[in-house]
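Structure file my_file_10.txt with compact mmCIF, C-alpha atoms:
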# COMPACT_ATOMS: atom_id res chain seq x y z
CA MET A 1 57.42 -58.80 43.89
CA THR A 2 57.88 -56.78 47.04
CA VAL A 3 56.15 -53.51 47.76
CA ASP A 4 57.80 -51.15 50.19
CA PRO A 5 54.85 -49.38 51.79
CA ILE A 6 56.99 -46.79 53.58
CA HIS A 7 58.83 -45.55 50.49
CA GLN A 8 56.06 -43.11 49.53
CA PHE A 9 56.81 -40.97 52.60
CA ALA A 10 60.46 -40.38 51.72
CA ILE A 11 61.46 -36.73 51.45
CA GLN A 12 63.50 -36.05 48.33
CA ASP A 13 65.48 -32.96 47.44
CA LEU A 14 64.18 -31.49 44.22
CA VAL A 15 66.19 -28.26 43.90
CA PRO A 16 69.26 -27.90 46.12
CA ILE A 17 69.63 -24.29 47.25
CA ILE A 18 72.50 -23.86 49.69
CA THR A 19 74.68 -25.89 52.06
CA ILE A 20 75.84 -24.29 55.28
CA GLY A 21 78.17 -26.57 57.21
CA ARG A 22 76.40 -29.90 57.57
CA HIS A 23 72.94 -28.50 56.90
CA HIS A 24 71.45 -28.79 53.44
CA PHE A 25 68.74 -26.40 52.39
CA ALA A 26 66.73 -27.56 49.42
CA LEU A 27 63.28 -27.38 47.89
CA THR A 28 61.93 -30.81 48.84
CA ASN A 29 58.83 -32.55 47.55
CA SER A 30 57.23 -31.75 50.92
CA ALA A 31 57.89 -28.03 50.48
CA LEU A 32 56.70 -28.17 46.87
CA PHE A 33 53.39 -29.69 47.91
CA MET A 34 52.97 -27.16 50.71
CA PHE A 35 53.37 -24.34 48.16
CA LEU A 36 50.88 -26.15 45.94
CA ILE A 37 48.37 -26.39 48.80
CA VAL A 38 48.69 -22.71 49.66
CA ILE A 39 48.26 -21.73 45.99
CA LEU A 40 45.23 -24.01 45.59
CA VAL A 41 43.50 -22.82 48.77
CA SER A 42 44.15 -19.17 47.90
CA ALA A 43 42.97 -19.67 44.33
CA LEU A 44 39.79 -21.38 45.51
CA LEU A 45 38.91 -18.83 48.17
CA ILE A 46 40.00 -15.65 46.39
CA GLY A 47 38.99 -16.68 42.89
CA ALA A 48 35.64 -18.11 43.88
CA THR A 49 34.56 -15.09 45.88
CA LEU A 50 35.68 -12.48 43.32
CA PRO A 51 32.29 -12.31 41.52
CA ARG A 52 30.49 -11.65 44.84
CA ALA A 53 27.25 -12.86 43.33
CA VAL A 54 24.14 -12.63 45.51
CA VAL A 55 23.12 -16.06 44.22
CA PRO A 56 26.41 -17.95 44.49
CA GLY A 57 27.68 -20.23 41.77
CA ARG A 58 29.15 -23.64 42.47
CA LEU A 59 32.67 -22.55 43.41
CA GLN A 60 31.43 -19.61 45.44
CA SER A 61 29.10 -21.99 47.29
CA VAL A 62 32.06 -24.22 48.19
CA ALA A 63 34.00 -21.23 49.51
CA GLU A 64 31.02 -19.88 51.47
CA MET A 65 30.07 -23.29 52.86
CA SER A 66 33.57 -24.00 54.17
CA TYR A 67 33.68 -20.51 55.70
CA GLU A 68 30.29 -20.94 57.38
CA PHE A 69 31.14 -24.48 58.53
CA VAL A 70 34.34 -23.44 60.33
CA ALA A 71 32.75 -20.24 61.64
CA ASN A 72 29.91 -22.22 63.23
CA THR A 73 32.37 -24.68 64.76
CA VAL A 74 34.44 -21.89 66.30
CA ARG A 75 31.36 -20.05 67.56
CA SER A 76 29.79 -23.10 69.16
CA THR A 77 32.97 -24.39 70.89
CA ALA A 78 34.93 -21.23 71.76
CA GLY A 79 32.07 -18.72 71.98
CA THR A 80 31.80 -15.36 70.23
CA GLU A 81 35.02 -14.24 71.93
CA GLY A 82 36.79 -17.07 70.16
CA MET A 83 35.84 -15.60 66.78
CA LYS A 84 38.99 -13.47 66.86
CA PHE A 85 40.84 -16.75 66.32
CA PHE A 86 38.62 -17.67 63.38
CA PRO A 87 41.21 -16.76 60.69
CA PHE A 88 43.77 -18.97 62.43
CA VAL A 89 41.44 -21.97 62.76
CA PHE A 90 40.16 -21.53 59.20
CA THR A 91 43.72 -21.45 57.84
CA LEU A 92 44.63 -24.59 59.77
CA PHE A 93 41.48 -26.39 58.61
CA MET A 94 41.88 -25.55 54.92
CA PHE A 95 45.61 -26.31 54.91
CA ILE A 96 45.18 -29.73 56.55
CA LEU A 97 42.09 -30.58 54.48
CA PHE A 98 43.85 -29.82 51.20
CA ALA A 99 47.03 -31.57 52.35
CA ASN A 100 45.01 -34.72 53.15
CA LEU A 101 42.99 -34.60 49.95
CA ILE A 102 45.93 -33.92 47.63
CA GLY A 103 47.78 -36.78 49.30
CA LEU A 104 45.08 -39.19 48.13
CA ILE A 105 45.98 -38.59 44.49
CA PRO A 106 48.26 -41.49 43.44
CA TYR A 107 51.98 -40.63 43.19
CA SER A 108 51.50 -37.39 45.08
CA PHE A 109 52.98 -36.58 48.47
CA THR A 110 51.03 -36.31 51.72
CA VAL A 111 52.39 -33.35 53.67
CA THR A 112 50.47 -34.28 56.83
CA SER A 113 52.06 -37.76 56.93
CA GLN A 114 55.25 -36.08 58.19
CA LEU A 115 55.36 -35.88 61.98
CA ILE A 116 57.48 -32.72 61.84
CA ILE A 117 54.72 -30.84 59.99
CA THR A 118 51.88 -31.89 62.30
CA ALA A 119 54.07 -31.39 65.39
CA SER A 120 54.87 -27.86 64.23
CA LEU A 121 51.17 -27.10 63.78
CA ALA A 122 50.26 -28.64 67.15
CA LEU A 123 53.05 -26.78 68.97
CA LEU A 124 51.92 -23.55 67.31
CA VAL A 125 48.43 -24.13 68.74
CA PHE A 126 49.86 -25.11 72.14
CA PHE A 127 52.01 -21.98 72.48
CA ILE A 128 49.22 -19.71 71.27
CA VAL A 129 46.97 -21.20 73.99
CA VAL A 130 49.62 -20.81 76.72
CA ILE A 131 50.74 -17.28 75.75
CA TYR A 132 47.24 -15.95 75.08
CA GLY A 133 45.93 -17.61 78.26
CA PHE A 134 48.53 -15.93 80.47
CA TRP A 135 48.28 -12.63 78.56
CA ARG A 136 44.50 -12.48 78.92
CA ASN A 137 43.95 -14.00 82.39
CA GLY A 138 47.31 -13.44 84.08
CA LEU A 139 47.89 -16.06 86.74
CA GLY A 140 44.15 -16.80 86.64
CA PHE A 141 45.01 -19.07 83.71
CA LEU A 142 46.32 -21.57 86.29
CA LYS A 143 42.70 -22.09 87.43
CA LEU A 144 42.57 -24.38 84.41
CA PHE A 145 44.47 -26.97 86.44
CA VAL A 146 42.30 -26.67 89.56
CA PRO A 147 38.77 -27.87 88.83
CA LYS A 148 35.97 -26.50 90.99
CA GLY A 149 34.08 -28.70 93.44
CA VAL A 150 36.79 -31.32 93.93
CA PRO A 151 37.29 -32.55 97.53
CA ILE A 152 40.45 -31.07 99.01
CA TYR A 153 42.12 -34.41 99.79
CA ILE A 154 42.20 -35.60 96.18
CA LEU A 155 42.93 -32.14 94.74
CA PRO A 156 46.75 -32.58 94.56
CA ALA A 157 46.39 -35.74 92.49
CA ILE A 158 43.84 -34.06 90.20
CA VAL A 159 46.14 -31.07 89.65
CA VAL A 160 49.03 -33.35 88.68
CA ILE A 161 46.79 -35.25 86.26
CA GLU A 162 45.45 -32.03 84.75
CA VAL A 163 48.97 -30.63 84.24
CA LEU A 164 50.16 -33.88 82.66
CA SER A 165 47.17 -34.05 80.34
CA PHE A 166 47.73 -30.40 79.37
CA ILE A 167 51.38 -31.05 78.54
CA SER A 168 50.61 -34.18 76.53
CA ARG A 169 48.09 -32.29 74.37
CA PRO A 170 50.49 -31.32 71.57
CA ILE A 171 51.69 -34.95 71.40
CA SER A 172 48.25 -36.47 70.93
CA HIS A 173 47.16 -33.53 68.75
CA SER A 174 50.01 -34.03 66.28
CA VAL A 175 50.37 -37.83 66.41
CA ARG A 176 46.63 -38.33 65.74
CA LEU A 177 46.72 -36.56 62.38
CA PHE A 178 50.11 -37.97 61.43
CA ALA A 179 49.35 -41.59 62.35
CA ASN A 180 45.92 -41.54 60.69
CA MET A 181 47.42 -40.37 57.43
CA LEU A 182 50.40 -42.72 57.68
CA ALA A 183 48.30 -45.78 58.56
CA GLY A 184 45.72 -45.04 55.87
CA HIS A 185 48.29 -44.73 53.12
CA ILE A 186 50.19 -47.83 54.25
CA THR A 187 46.94 -49.82 54.28
CA LEU A 188 46.09 -48.69 50.74
CA GLN A 189 49.59 -49.58 49.56
CA VAL A 190 49.58 -53.03 51.16
CA PHE A 191 46.19 -53.94 49.68
CA ALA A 192 47.28 -52.60 46.29
CA GLY A 193 50.30 -54.89 46.64
CA PHE A 194 47.92 -57.88 47.09
CA ILE A 195 46.27 -57.06 43.74
CA ILE A 196 49.59 -57.14 41.90
CA MET A 197 50.71 -60.33 43.68
CA LEU A 198 47.45 -62.19 42.93
CA ALA A 199 47.28 -60.98 39.34
CA GLY A 200 50.72 -62.51 38.84
CA PHE A 201 49.23 -66.01 39.25
CA GLY A 202 47.54 -66.08 35.84
CA VAL A 203 43.85 -66.20 34.95
CA ALA A 204 42.71 -67.65 38.28
CA GLY A 205 44.64 -64.89 40.00
CA TRP A 206 42.78 -62.22 38.05
CA PHE A 207 39.49 -63.32 39.60
CA GLY A 208 41.15 -63.52 43.00
CA ALA A 209 42.58 -60.02 42.53
CA ALA A 210 39.08 -58.61 42.07
CA LEU A 211 38.43 -58.96 45.82
CA PRO A 212 41.29 -56.76 47.04
CA LEU A 213 40.54 -54.36 44.18
CA ILE A 214 36.99 -53.85 45.47
CA LEU A 215 38.41 -53.48 48.97
CA VAL A 216 40.91 -50.83 47.81
CA ILE A 217 38.11 -48.85 46.17
CA MET A 218 36.09 -48.93 49.40
CA LEU A 219 39.17 -48.08 51.47
CA THR A 220 39.85 -45.09 49.21
CA ALA A 221 36.33 -43.85 49.88
CA LEU A 222 36.95 -44.34 53.61
CA GLU A 223 40.22 -42.42 53.31
CA PHE A 224 38.37 -39.45 51.81
CA LEU A 225 36.11 -39.50 54.87
CA VAL A 226 39.13 -39.77 57.18
CA ALA A 227 40.89 -36.92 55.33
CA PHE A 228 37.95 -34.61 56.00
CA LEU A 229 37.31 -35.93 59.52
CA GLN A 230 40.90 -35.51 60.67
CA ALA A 231 41.02 -31.93 59.37
CA TYR A 232 37.77 -31.27 61.25
CA VAL A 233 39.05 -33.00 64.40
CA PHE A 234 42.24 -30.92 64.30
CA ALA A 235 40.20 -27.74 63.92
CA ILE A 236 37.68 -28.59 66.66
CA LEU A 237 40.43 -29.59 69.12
CA THR A 238 42.16 -26.29 68.38
CA CYS A 239 38.88 -24.52 69.21
CA ILE A 240 38.50 -26.47 72.46
CA TYR A 241 42.06 -25.67 73.52
CA LEU A 242 41.55 -22.00 72.64
CA ASN A 243 38.36 -22.06 74.68
CA ASP A 244 40.50 -23.11 77.67
CA ALA A 245 42.68 -20.04 77.13
CA ILE A 246 39.66 -17.72 76.88
CA HIS A 247 37.59 -19.24 79.73
CA PRO A 248 40.07 -21.04 82.05
CA GLY A 249 37.55 -21.78 84.82
CA HIS A 250 36.00 -25.24 84.45
CA MET B 251 65.12 -65.80 69.73
CA ASP B 252 65.92 -64.23 66.41
CA PRO B 253 65.75 -60.43 66.89
CA THR B 254 63.80 -59.94 63.66
CA ALA B 255 61.21 -62.49 64.76
CA ALA B 256 60.96 -60.80 68.16
CA LYS B 257 60.40 -57.47 66.38
CA TYR B 258 57.51 -58.84 64.32
CA ILE B 259 55.96 -60.56 67.35
CA GLY B 260 56.25 -57.32 69.30
CA ALA B 261 54.54 -55.40 66.49
CA GLY B 262 51.70 -57.91 66.53
CA ILE B 263 51.32 -57.67 70.30
CA ALA B 264 51.34 -53.87 70.12
CA CYS B 265 48.34 -53.98 67.76
CA ILE B 266 46.21 -55.63 70.48
CA GLY B 267 45.87 -52.19 72.01
CA MET B 268 43.86 -51.08 69.01
CA GLY B 269 41.13 -53.52 70.00
CA GLY B 270 40.43 -51.47 73.13
CA ALA B 271 40.20 -48.30 71.06
CA GLY B 272 37.81 -50.11 68.72
CA VAL B 273 35.54 -51.03 71.63
CA GLY B 274 35.68 -47.44 72.90
CA VAL B 275 34.84 -45.90 69.54
CA GLY B 276 32.00 -48.38 69.12
CA ILE B 277 30.57 -47.44 72.52
CA ILE B 278 30.74 -43.74 71.67
CA PHE B 279 29.01 -44.05 68.30
CA GLY B 280 26.53 -46.62 69.55
CA ASN B 281 25.47 -44.46 72.47
CA TYR B 282 25.29 -41.40 70.23
CA LEU B 283 23.04 -43.27 67.81
CA ALA B 284 20.83 -44.59 70.61
CA ALA B 285 20.46 -41.12 72.10
CA ALA B 286 19.93 -39.53 68.69
CA LEU B 287 17.06 -41.92 67.94
CA ARG B 288 15.42 -41.08 71.27
CA ASN B 289 15.70 -37.34 70.73
CA PRO B 290 16.57 -36.57 67.09
CA SER B 291 16.13 -32.82 67.51
CA ALA B 292 18.96 -32.65 70.07
CA ALA B 293 21.32 -34.84 68.04
CA GLN B 294 22.78 -32.12 65.82
CA GLY B 295 23.88 -30.08 68.83
CA GLN B 296 25.95 -32.93 70.21
CA PHE B 297 27.83 -33.66 66.98
CA GLY B 298 30.86 -31.68 68.14
CA ASN B 299 30.99 -33.62 71.41
CA LEU B 300 30.72 -36.86 69.44
CA ILE B 301 33.70 -36.00 67.26
CA PHE B 302 35.68 -34.80 70.28
CA GLY B 303 35.10 -38.05 72.18
CA PHE B 304 35.86 -40.05 69.07
CA ALA B 305 39.13 -38.20 68.57
CA ILE B 306 40.26 -38.63 72.18
CA THR B 307 39.46 -42.35 72.16
CA GLU B 308 40.92 -42.99 68.75
CA ALA B 309 44.21 -41.33 69.72
CA LEU B 310 44.98 -44.14 72.19
CA GLY B 311 44.51 -46.79 69.52
CA ILE B 312 46.64 -44.77 67.14
CA PHE B 313 49.44 -44.70 69.72
CA SER B 314 49.62 -48.50 69.80
CA LEU B 315 49.52 -48.63 66.00
CA LEU B 316 52.39 -46.15 66.00
CA ILE B 317 54.44 -48.45 68.22
CA ALA B 318 53.76 -51.31 65.81
CA LEU B 319 54.79 -49.19 62.83
CA LEU B 320 57.94 -48.05 64.61
CA LEU B 321 58.85 -51.67 65.33
CA LEU B 322 58.19 -52.72 61.74
CA PHE B 323 59.81 -49.86 59.84
CA GLY B 324 61.46 -47.41 62.21
CA LEU B 325 63.81 -49.29 64.52

Same coordinates, now as structure tokens:
Amino acid sequence: MTVDPIHQFAIQDLVPIITIGRHHFALTNSALFMFLIVILVSALLIGATLPRAVVPGRLQSVAEMSYEFVANTVRSTAGTEGMKFFPFVFTLFMFILFANLIGLIPYSFTVTSQLIITASLALLVFFIVVIYGFWRNGLGFLKLFVPKGVPIYILPAIVVIEVLSFISRPISHSVRLFANMLAGHITLQVFAGFIIMLAGFGVAGWFGAALPLILVIMLTALEFLVAFLQAYVFAILTCIYLNDAIHPGH
Amino acid sequence: MDPTAAKYIGAGIACIGMGGAGVGVGIIFGNYLAAALRNPSAAQGQFGNLIFGFAITEALGIFSLLIALLLLFGL
């Protein structure tokens, strides 16, 4: 009995729409789940805040708590000036959080386990930082690469390192989320495969299979933590990068 | 050497890099905990820095895991 742990990330065409030349346009399972995420997030935030109760109910508390949580993060890392980017960061956070959480439901699809999705999000953040940085500070944005108080004879090396680390930001930003999701789901699948393999050995195997079963349950709990943590990490790194665009001096 | 065997050995070697990231993440959380026990009132304010350092360190381990996964399934 072989388990292919990578099969769950395959993109399948659900509804073919149009073919232009060699390019196929179709509603894929990835796109379907992205629509689902947007609908769920909108339903939660709009539906829960419709009553506008002074004493919030459960759902309204969830909506208000997530709002306050992200707002505090943006305010503490990017300052009050960064609050104009709050809608952007909040959208990113909720989208990634729901994508990660929905992906943990068995037989569903994890949108954030596709590098193209996370790379698109990270490049969006990167270009917003670059364009807004130059638009707001002009050439003063380049001060970002010249730290203050560095001796003049090592400054050229520092500038090169700063530029390289700035350019590699979208890579690490996107690969972190993608690889965490990918590795987590592969781990769960491999350990679930152990259960099936051991249970195939008869009664003695059933007792042996209890160990990986317990481990899978604990790993699933850990994955819920990772799902939240990676959404938070993505949001806080976005705030830190935006802070560079708003205050380029070190 | 059989190319498939070399691929699997390479994937195993690539995973060694994750050990370094494990040490780094342990140092970050250990130092945070030690400092938080000394001054619990200041701990909450440094939570963002903790997560930022964790993310930066973890990324390097994730890169080596990615190489291993690419060797196993991608190439």

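The shortest atom-to-atom distance to Gln12 in chain A, with all atoms listed in the file taken into account, belongs to A:Phe109 out of A:Phe109, A:Ala53, A:Phe134, A:Ala231.
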
Please, which residues of chain A lie no more than 10 Å from chain B when the count uses all atoms listed in the file, and can they be set out as an MDAnalysis selection string?
-> chainID A and resid 4:6 73 76:77 171:180 182:183 186 229:230 232:234 236:237 240

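Note that the spacing between CA of Glu81 in chain A and CA of Tyr132 in chain A amounts to 12.7 Å.
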
Here CA of Ala245 in chain A and CA of Ala78 in chain A stand apart by 9.5 Å

*Counting all atoms listed in the file, what is within 8 Å of Met181 in chain A, bar same-chain residues fewer than 5 positions away, as a PyMOL selection string?*
chain A and resi 100+110+112-113+227

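Taking CA of Ala31 in chain A and CA of Ile117 in chain A as the two end points, the separation is 10.4 Å.
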